[in-house]
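The next block is model-v4.cif, given as mmCIF, C-alpha atoms.
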```
data_entry
loop_
_atom_site.label_atom_id
_atom_site.label_comp_id
_atom_site.auth_asym_id
_atom_site.auth_seq_id
_atom_site.Cartn_x
_atom_site.Cartn_y
_atom_site.Cartn_z
CA MET A 7 11.84 -8.07 8.39
CA SER A 8 8.64 -9.83 9.32
CA ASP A 9 8.39 -13.55 8.56
CA GLN A 10 4.62 -13.31 8.48
CA HIS A 11 3.11 -14.37 5.15
CA HIS A 12 -0.38 -14.96 3.91
CA ARG A 13 -1.90 -16.91 1.04
CA ALA A 14 -4.40 -14.55 -0.53
CA ASN A 15 -7.50 -16.09 -2.05
CA GLY A 16 -11.14 -15.50 -2.80
CA SER A 17 -12.58 -12.01 -3.16
CA GLY A 18 -9.66 -10.43 -1.29
CA ALA A 19 -7.26 -11.37 -4.08
CA ASN A 20 -9.65 -9.99 -6.71
CA ASP A 21 -10.03 -6.78 -4.75
CA LEU A 22 -6.25 -6.54 -4.54
CA GLY A 23 -5.98 -6.77 -8.32
CA ILE A 24 -8.59 -4.05 -8.80
CA PHE A 25 -6.79 -1.68 -6.46
CA LEU A 26 -3.39 -2.41 -7.97
CA ALA A 27 -4.69 -1.65 -11.45
CA HIS A 28 -6.18 1.62 -10.18
CA TRP A 29 -2.95 2.65 -8.45
CA ARG A 30 -0.93 1.83 -11.58
CA ALA A 31 -3.23 3.89 -13.80
CA ARG A 32 -2.75 7.09 -11.85
CA MET A 33 1.07 6.97 -12.06
CA ASP A 34 2.89 9.49 -14.27
CA HIS A 35 5.36 7.27 -16.11
CA ARG A 36 7.25 10.32 -17.42
CA ARG A 37 8.52 11.09 -13.93
CA ILE A 38 10.04 7.67 -13.28
CA PRO A 39 13.66 7.16 -14.41
CA GLY A 40 14.20 4.02 -16.44
CA ILE A 41 10.66 4.05 -17.90
CA ASP A 42 10.22 5.02 -21.57
CA GLY A 43 8.38 8.34 -21.39
CA GLY A 44 8.26 8.89 -25.14
CA ARG A 45 6.39 5.76 -26.16
CA ARG A 46 2.78 6.30 -27.18
CA ARG A 47 0.37 4.63 -24.75
CA LEU A 48 -3.18 3.46 -25.08
CA LYS A 49 -3.76 3.82 -21.34
CA PRO A 50 -2.30 6.20 -18.74
CA GLY A 51 -0.01 5.09 -15.95
CA LEU A 52 2.38 2.19 -15.60
CA THR A 53 1.95 -1.09 -17.43
CA GLN A 54 2.01 -4.39 -15.58
CA ASN A 55 5.45 -5.11 -17.07
CA GLU A 56 6.82 -1.76 -15.88
CA THR A 57 5.40 -2.24 -12.40
CA ALA A 58 6.95 -5.70 -12.24
CA GLN A 59 10.31 -4.28 -13.35
CA LEU A 60 10.27 -1.60 -10.66
CA ALA A 61 9.11 -4.05 -7.98
CA GLY A 62 11.81 -6.57 -8.86
CA VAL A 63 9.55 -9.46 -9.88
CA SER A 64 8.85 -11.16 -13.19
CA SER A 65 6.11 -9.88 -15.49
CA ALA A 66 4.35 -13.25 -15.31
CA TRP A 67 4.42 -13.19 -11.50
CA TYR A 68 2.92 -9.70 -11.39
CA ARG A 69 0.21 -10.49 -13.96
CA GLU A 70 -0.87 -13.46 -11.85
CA LEU A 71 -0.87 -11.21 -8.78
CA GLU A 72 -3.36 -8.79 -10.36
CA SER A 73 -5.47 -11.66 -11.75
CA GLY A 74 -6.10 -12.98 -8.24
CA SER A 75 -3.91 -16.10 -8.30
CA GLU A 76 -2.88 -17.47 -4.93
CA ARG A 77 0.37 -15.91 -3.78
CA ARG A 78 2.38 -15.47 -0.61
CA PHE A 79 3.41 -11.90 0.13
CA SER A 80 6.26 -10.86 2.41
CA ASP A 81 6.09 -7.54 4.24
CA GLU A 82 9.31 -6.57 2.46
CA PHE A 83 7.73 -7.04 -0.96
CA LEU A 84 4.56 -5.15 -0.01
CA HIS A 85 6.59 -2.19 1.25
CA LYS A 86 8.54 -2.18 -2.01
CA LEU A 87 5.37 -2.36 -4.11
CA ALA A 88 3.83 0.44 -2.05
CA GLY A 89 6.89 2.57 -2.83
CA VAL A 90 6.69 1.83 -6.54
CA LEU A 91 3.02 2.87 -6.62
CA ARG A 92 3.54 5.94 -4.36
CA LEU A 93 0.97 4.81 -1.81
CA ASP A 94 0.25 7.08 1.12
CA ALA A 95 -0.07 5.74 4.67
CA ASP A 96 -3.78 4.80 4.35
CA GLU A 97 -3.27 3.15 0.96
CA ARG A 98 -0.25 1.27 2.26
CA SER A 99 -2.38 -0.07 5.11
CA ALA A 100 -5.09 -1.08 2.61
CA LEU A 101 -2.51 -2.90 0.48
CA PHE A 102 -1.37 -4.95 3.47
CA ARG A 103 -4.94 -5.80 4.49
CA LEU A 104 -5.97 -6.78 0.96
CA ALA A 105 -2.91 -9.02 0.77
CA GLY A 106 -3.87 -10.62 4.07
CA ASN A 107 -0.92 -9.22 6.05
CA THR A 108 -1.07 -7.14 9.20
CA PRO A 109 -0.12 -3.53 8.41
CA THR A 110 3.31 -2.86 9.85
CA PRO A 111 4.12 0.42 11.60
CA TRP A 112 5.26 3.15 9.22
CA LEU A 113 6.61 6.52 10.16
CA THR A 114 3.83 9.05 10.43
CA ALA A 115 3.54 12.25 8.44
CA PRO A 116 5.98 14.99 9.45
CA GLN A 117 5.11 17.06 12.46
CA GLY A 118 4.79 20.79 12.07
CA PRO A 119 4.35 23.56 11.48
CA ILE A 120 7.78 25.17 11.52
CA GLY A 121 8.23 28.78 12.60
CA GLU A 122 7.61 31.64 10.21
CA ASP A 123 11.27 32.65 10.46
CA LEU A 124 12.43 29.35 8.94
CA ARG A 125 9.69 29.55 6.32
CA THR A 126 10.92 33.02 5.34
CA ILE A 127 14.57 31.90 5.25
CA ILE A 128 14.00 28.98 2.89
CA ASP A 129 11.84 31.12 0.59
CA ARG A 130 14.62 33.71 0.41
CA MET A 131 17.16 31.06 -0.59
CA LEU A 132 15.71 30.96 -4.11
CA PRO A 133 16.90 29.99 -6.65
CA SER A 134 18.84 27.50 -4.49
CA PRO A 135 16.70 24.57 -3.34
CA ALA A 136 16.24 24.65 0.44
CA TYR A 137 14.22 22.67 2.92
CA VAL A 138 13.75 22.00 6.64
CA SER A 139 13.74 18.44 7.99
CA ASN A 140 13.30 17.03 11.49
CA LEU A 141 15.26 14.51 13.53
CA VAL A 142 14.11 11.54 11.42
CA TRP A 143 14.59 13.38 8.09
CA ASP A 144 10.93 14.15 7.38
CA VAL A 145 10.80 17.22 5.14
CA LEU A 146 8.64 19.76 6.98
CA ALA A 147 8.85 22.63 4.49
CA HIS A 148 10.66 23.52 1.28
CA ASN A 149 10.87 26.27 -1.31
CA SER A 150 9.59 25.81 -4.86
CA PRO A 151 12.59 24.14 -6.53
CA ALA A 152 12.69 21.54 -3.76
CA GLU A 153 9.53 19.93 -5.14
CA ASP A 154 9.07 21.20 -8.68
CA ASP A 155 12.55 20.38 -9.96
CA TRP A 156 15.29 18.45 -8.16
CA PHE A 157 13.17 17.23 -5.23
CA PHE A 158 9.94 16.16 -6.91
CA TRP A 159 9.81 13.09 -4.63
CA VAL A 160 8.70 15.23 -1.68
CA GLY A 161 5.22 15.10 -3.22
CA TYR A 162 4.84 11.40 -2.42
CA GLU A 163 7.56 10.55 0.12
CA ARG A 164 8.41 13.23 2.64
CA ASN A 165 11.19 11.29 4.33
CA PHE A 166 14.54 11.67 2.56
CA MET A 167 16.10 8.51 3.99
CA ARG A 168 13.15 6.34 3.00
CA PHE A 169 13.24 7.82 -0.49
CA ALA A 170 16.99 7.27 -0.84
CA PHE A 171 16.88 3.59 0.12
CA LEU A 172 13.38 2.27 -0.60
CA TYR A 173 12.41 3.88 -3.92
CA PRO A 174 14.05 2.55 -7.12
CA GLU A 175 14.25 5.93 -8.86
CA ALA A 176 16.57 7.23 -6.13
CA ARG A 177 19.42 5.28 -7.77
CA GLU A 178 18.95 7.45 -10.87
CA ILE A 179 18.32 10.77 -9.11
CA LEU A 180 21.18 10.49 -6.59
CA VAL A 181 24.30 10.18 -8.73
CA ASN A 182 26.97 7.76 -7.47
CA TRP A 183 24.30 6.46 -5.11
CA GLU A 184 26.26 4.02 -2.97
CA LYS A 185 29.40 6.06 -2.26
CA ASP A 186 28.11 9.63 -2.19
CA TRP A 187 24.61 9.16 -0.79
CA ALA A 188 23.87 5.75 0.73
CA ALA A 189 27.01 5.22 2.82
CA PRO A 190 27.09 8.77 4.30
CA SER A 191 23.33 8.68 4.97
CA LEU A 192 23.56 5.43 6.92
CA ALA A 193 26.46 6.91 8.89
CA GLN A 194 24.21 9.86 9.80
CA ILE A 195 21.42 7.54 10.92
CA ARG A 196 23.84 5.63 13.12
CA PHE A 197 25.17 8.88 14.65
CA ALA A 198 21.62 10.15 15.29
CA ILE A 199 20.67 6.92 17.08
CA ILE A 200 23.78 7.18 19.27
CA ALA A 201 22.93 10.81 20.06
CA HIS A 202 19.23 10.05 20.67
CA PRO A 203 19.03 6.47 22.02
CA GLU A 204 15.53 7.20 23.34
CA SER A 205 14.10 7.87 19.84
CA VAL A 206 11.87 4.98 18.78
CA GLU A 207 11.29 6.75 15.45
CA LEU A 208 14.99 6.69 14.57
CA GLN A 209 15.25 3.00 15.39
CA GLN A 210 12.15 2.29 13.34
CA LEU A 211 13.58 4.23 10.40
CA ARG A 212 16.81 2.22 10.59
CA ASP A 213 14.93 -1.09 10.75
CA GLU A 214 12.69 -0.24 7.78
CA ILE A 215 15.67 0.73 5.65
CA LEU A 216 17.69 -2.34 6.56
CA ASP A 217 14.67 -4.60 6.01
CA GLY A 218 13.92 -3.07 2.62
CA SER A 219 17.40 -2.64 1.14
CA PRO A 220 20.02 -5.42 0.87
CA GLU A 221 22.62 -2.81 -0.08
CA ALA A 222 21.86 -0.87 3.09
CA ARG A 223 22.31 -4.00 5.21
CA GLU A 224 25.74 -4.58 3.69
CA LEU A 225 26.81 -0.95 4.12
CA TRP A 226 25.51 -0.84 7.71
CA SER A 227 28.10 -3.41 8.77
CA SER A 228 30.91 -0.86 8.26
CA GLN A 229 30.02 0.79 11.61
CA ARG A 230 30.64 4.22 10.09
CA THR A 231 29.25 7.28 11.91
CA ARG A 232 28.85 10.86 10.75
CA ALA A 233 27.10 13.86 12.28
CA HIS A 234 26.12 15.80 9.14
CA PRO A 235 26.88 16.23 5.42
CA TYR A 236 27.92 19.91 5.63
CA GLY A 237 30.31 20.83 2.81
CA ASP A 238 29.80 17.67 0.75
CA VAL A 239 29.72 18.15 -3.02
CA ARG A 240 27.34 15.70 -4.65
CA ARG A 241 25.46 15.33 -7.92
CA LEU A 242 21.77 15.06 -8.74
CA ARG A 243 19.74 14.26 -11.84
CA SER A 244 16.30 15.71 -12.46
CA PRO A 245 13.57 13.83 -14.38
CA GLU A 246 12.37 17.27 -15.47
CA HIS A 247 15.66 17.75 -17.37
CA PRO A 248 16.69 14.42 -18.97
CA GLY A 249 20.43 14.02 -19.30
CA ARG A 250 21.19 16.97 -17.02
CA GLU A 251 23.18 16.66 -13.82
CA ALA A 252 23.67 19.32 -11.19
CA GLU A 253 26.65 19.46 -8.86
CA VAL A 254 25.68 20.90 -5.49
CA ARG A 255 27.40 21.73 -2.23
CA ILE A 256 25.34 20.77 0.79
CA THR A 257 25.10 23.37 3.54
CA ALA A 258 23.18 22.47 6.68
CA PHE A 259 22.29 24.41 9.83
CA SER A 260 20.27 23.88 13.01
CA PRO A 261 18.23 26.69 14.62
CA LEU A 262 19.04 27.27 18.29
CA ALA A 263 15.33 27.18 19.09
CA ASN A 264 15.17 23.52 18.00
CA CYS A 265 18.49 21.82 17.36
CA ASP A 266 16.77 18.67 16.09
CA LEU A 267 15.68 20.55 12.96
CA ARG A 268 17.92 20.83 9.91
CA LEU A 269 17.91 23.72 7.46
CA VAL A 270 19.48 22.33 4.27
CA ILE A 271 20.49 24.47 1.30
CA LEU A 272 21.88 23.06 -1.93
CA LEU A 273 24.25 25.52 -3.57
CA LEU A 274 25.02 24.94 -7.26
CA VAL A 275 28.78 24.52 -7.73
#
```

Since I need it in another form, could you write the structure as C-alpha cells?
Amino acid sequence: MSDQHHRANGSGANDLGIFLAHWRARMDHRRIPGIDGGRRRLKPGLTQNETAQLAGVSSAWYRELESGSERRFSDEFLHKLAGVLRLDADERSALFRLAGNTPTPWLTAPQGPIGEDLRTIIDRMLPSPAYVSNLVWDVLAHNSPAEDDWFFWVGYERNFMRFAFLYPEAREILVNWEKDWAAPSLAQIRFAIIAHPESVELQQLRDEILDGSPEARELWSSQRTRAHPYGDVRRLRSPEHPGREAEVRITAFSPLANCDLRLVILLLV
C-alpha cells in the first residue's frame, strides 16, 4: 500500500466532486447487492449515502468529499472508490490525478484474441456458463450466461481475482465468500507465483489484492497453496434473480497450445 497522500484543494477538489457525481449518476443501483432497488428515485444512479456505504466511509465524509472540502486520500481508498463506481483504467487514472495522487499501476486489459476453437467450445457449452481466462485470471472470452446472468461483473471488471477481493458486491454474489472462494483463490495465486516467479503481473495482482483487502491479508498468512479449483462445488447468487442461489461444480481445463489459459465451465449441480 502506498503511503503517499495529498491534500486536495482549489479547483481540483471541485472538479473531483463533479466527476464523482457524474460517475454515481450512471450506476445501475438495481445491479448492486445490498442497495434497495425497489425504492422510487428522483435521480438515476447511486446516492451519496449509498456510495459512502459501499466505499466504507461515513455519509458526512463523502458529502464533504464531493463538495470540495480538503481531504487526504490514500491510494487504498481511491482504488476502493474506483471499484464502487466501476471506473475503467482511464477513469481510474483520472480519479487519482483529480485527487492529487500519482496513478498507481493497474493490470492492463486482457490480452487476446483467443483461438476460434476455444471460442467455439465455450459457445457450445450453453446453457452452462463458460469462459476462458489467462495466467492472471483476466477473462478473455465467455458465452452469454457468463455476463448476462451469473457473471455480470465481467462487463466492468474482467479480472476474477480483483472482482472477488476488491468489489463489495462479491461478498453477496460468491456465497460463503471467505471459506469457499477467498481462501482457495489466494491459494491459487500463491501457487501460480511459485510456478511463474518471473511474472510481474502475478506479483502485482497479489500486491493489489493484499493492499485492498484486510481479509485477504489475514488469509494470506496461512501459506496455503493450490493448483486449481477443479471439482469444487460452490454456490453463487445472481442479482438478476433475487433470492436465488445456484450450486455449481467447477470444471477447468488448459489447452495444450497454451497451458497458461484456463477453460472454466460451471456445471449446475

For this session: Can you give me, as a PyMOL selection string, the residues this file yields under the PyMOL selection byres ((chain A and resi 223) around 12)?
Result: chain A and resi 7+171+188-189+192+212-222+224-229

Any chance you could export the current selection's C-alpha atoms as a short mmCIF file (atom, residue, chain, number, x, y, z; two decimals), in the frame of the given file?
```
data_model
loop_
_atom_site.label_atom_id
_atom_site.label_comp_id
_atom_site.auth_asym_id
_atom_site.auth_seq_id
_atom_site.Cartn_x
_atom_site.Cartn_y
_atom_site.Cartn_z
CA MET A 7 11.84 -8.07 8.39
CA PHE A 171 16.88 3.59 0.12
CA ALA A 188 23.87 5.75 0.73
CA ALA A 189 27.01 5.22 2.82
CA LEU A 192 23.56 5.43 6.92
CA ARG A 212 16.81 2.22 10.59
CA ASP A 213 14.93 -1.09 10.75
CA GLU A 214 12.69 -0.24 7.78
CA ILE A 215 15.67 0.73 5.65
CA LEU A 216 17.69 -2.34 6.56
CA ASP A 217 14.67 -4.60 6.01
CA GLY A 218 13.92 -3.07 2.62
CA SER A 219 17.40 -2.64 1.14
CA PRO A 220 20.02 -5.42 0.87
CA GLU A 221 22.62 -2.81 -0.08
CA ALA A 222 21.86 -0.87 3.09
CA GLU A 224 25.74 -4.58 3.69
CA LEU A 225 26.81 -0.95 4.12
CA TRP A 226 25.51 -0.84 7.71
CA SER A 227 28.10 -3.41 8.77
CA SER A 228 30.91 -0.86 8.26
CA GLN A 229 30.02 0.79 11.61
#
```

Problem set entry | Residue nearest Val145 (chain A) - candidates A:Arg130, A:Arg164, A:Arg241, A:Arg255, atoms counted: only C-alpha atoms | A:Arg164

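Counting from CA of Leu101 (chain A), the distance to CA of Gly23 (chain A) is 10.2 Å.
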
For this session: Decode the PyMOL selection byres ((chain A and resi 87) around 12) for the given file into explicit residues and return them as a VMD selection string.
Result: chain A and resid 26 29 to 30 56 to 63 68 71 79 to 86 88 to 94 97 to 98 101 to 102 105 172 to 174 218

For this session: Can you work out the spacing between CA of Leu274 (chain A) and CA of Ile195 (chain A) in Å, to one decimal?
Result: 25.4 Å

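Residues with any atom within 9 Å of the point (29.4, 24.8, -10.1), counting only C-alpha atoms, are Ala252, Glu253, Val254, Arg255, Leu273, Leu274 and Val275 of chain A.
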
For this session: Tell me, as an MDAnalysis selection string, which residues lie within 12 Å of Trp187 (chain A), counting only C-alpha atoms; anything in the same chain fewer than 6 positions away does not count.
Result: chainID A and resid 166:167 169:171 176:181 193:194 222 225 235 238:242 256

Each residue of region 58-160 of chain A with at least one atom at most 7 Å from region 257-268 of chain A should appear once, together with its nearest atom pair and the corresponding distance in Å (one decimal); atoms considered: all atoms listed in the file; ordering: chain, then increasing residue number; output as a Markdown table.
```
| residue | atom | partner | partner_atom | distance |
| --- | --- | --- | --- | --- |
| A:Val138 | CA | A:Arg268 | CA | 5.4 |
| A:Ser139 | CA | A:Arg268 | CA | 5.2 |
| A:Asn140 | CA | A:Leu267 | CA | 4.5 |
| A:Leu141 | CA | A:Asp266 | CA | 5.1 |
```

For this session: Using all atoms listed in the file, find the one residue out of A:Leu52, A:Ala100, A:Ala233, A:Ala198 that sits nearest to Arg37 (chain A).
Result: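 Using all atoms listed in the file, the shortest distance to Arg37 (chain A) belongs to A:Leu52.
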
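Our summary of the geometry notes that CA of Thr231 (chain A) is positioned 5.8 Å from CA of Arg196 (chain A).
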
Exercise. Evaluating the PyMOL selection byres ((chain A and resi 136) around 6) on the displayed file yields which residues, as a PyMOL selection string?
Worked result: chain A and resi 128+135+137+148-149+270-271

Problem set entry | Within 12 Å of Ile24 (chain A) using only C-alpha atoms, minus same-chain residues under 6 positions, as a list of chain:residue names |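 Skipping anything fewer than 6 positions along the chain leaves A:Ser17, A:Gly18, A:Arg30, A:Ala31, A:Leu71, A:Glu72, A:Ser73, A:Gly74, A:Leu101, A:Leu104.
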
Problem set entry | Pick from A:Arg103, A:Pro109, A:Gln54, A:Lys49 nearest to Ala27 (chain A), counting all atoms listed in the file | A:Gln54

Centre and edges of the region 171-174 of chain A box, axis-aligned, 5 Å extra per side, as AutoDock Vina command-line options:
```
--center_x 14.6 --center_y 3.1 --center_z -3.5 --size_x 14.5 --size_y 11.6 --size_z 17.2
```

For this session: Might you pull out every residue within 8 Å of Leu211 (chain A), with all atoms listed in the file counted and same-chain residues fewer than 4 positions away left off, and present them as JSON, numbers by chain?
Result: {"A": [113, 142, 168, 207, 215]}

For this session: Rank nothing, just name the residue among A:Val206, A:Leu22, A:Ile38, A:Met33 nearest to Glu175 (chain A), using all atoms listed in the file.
Result: A:Ile38
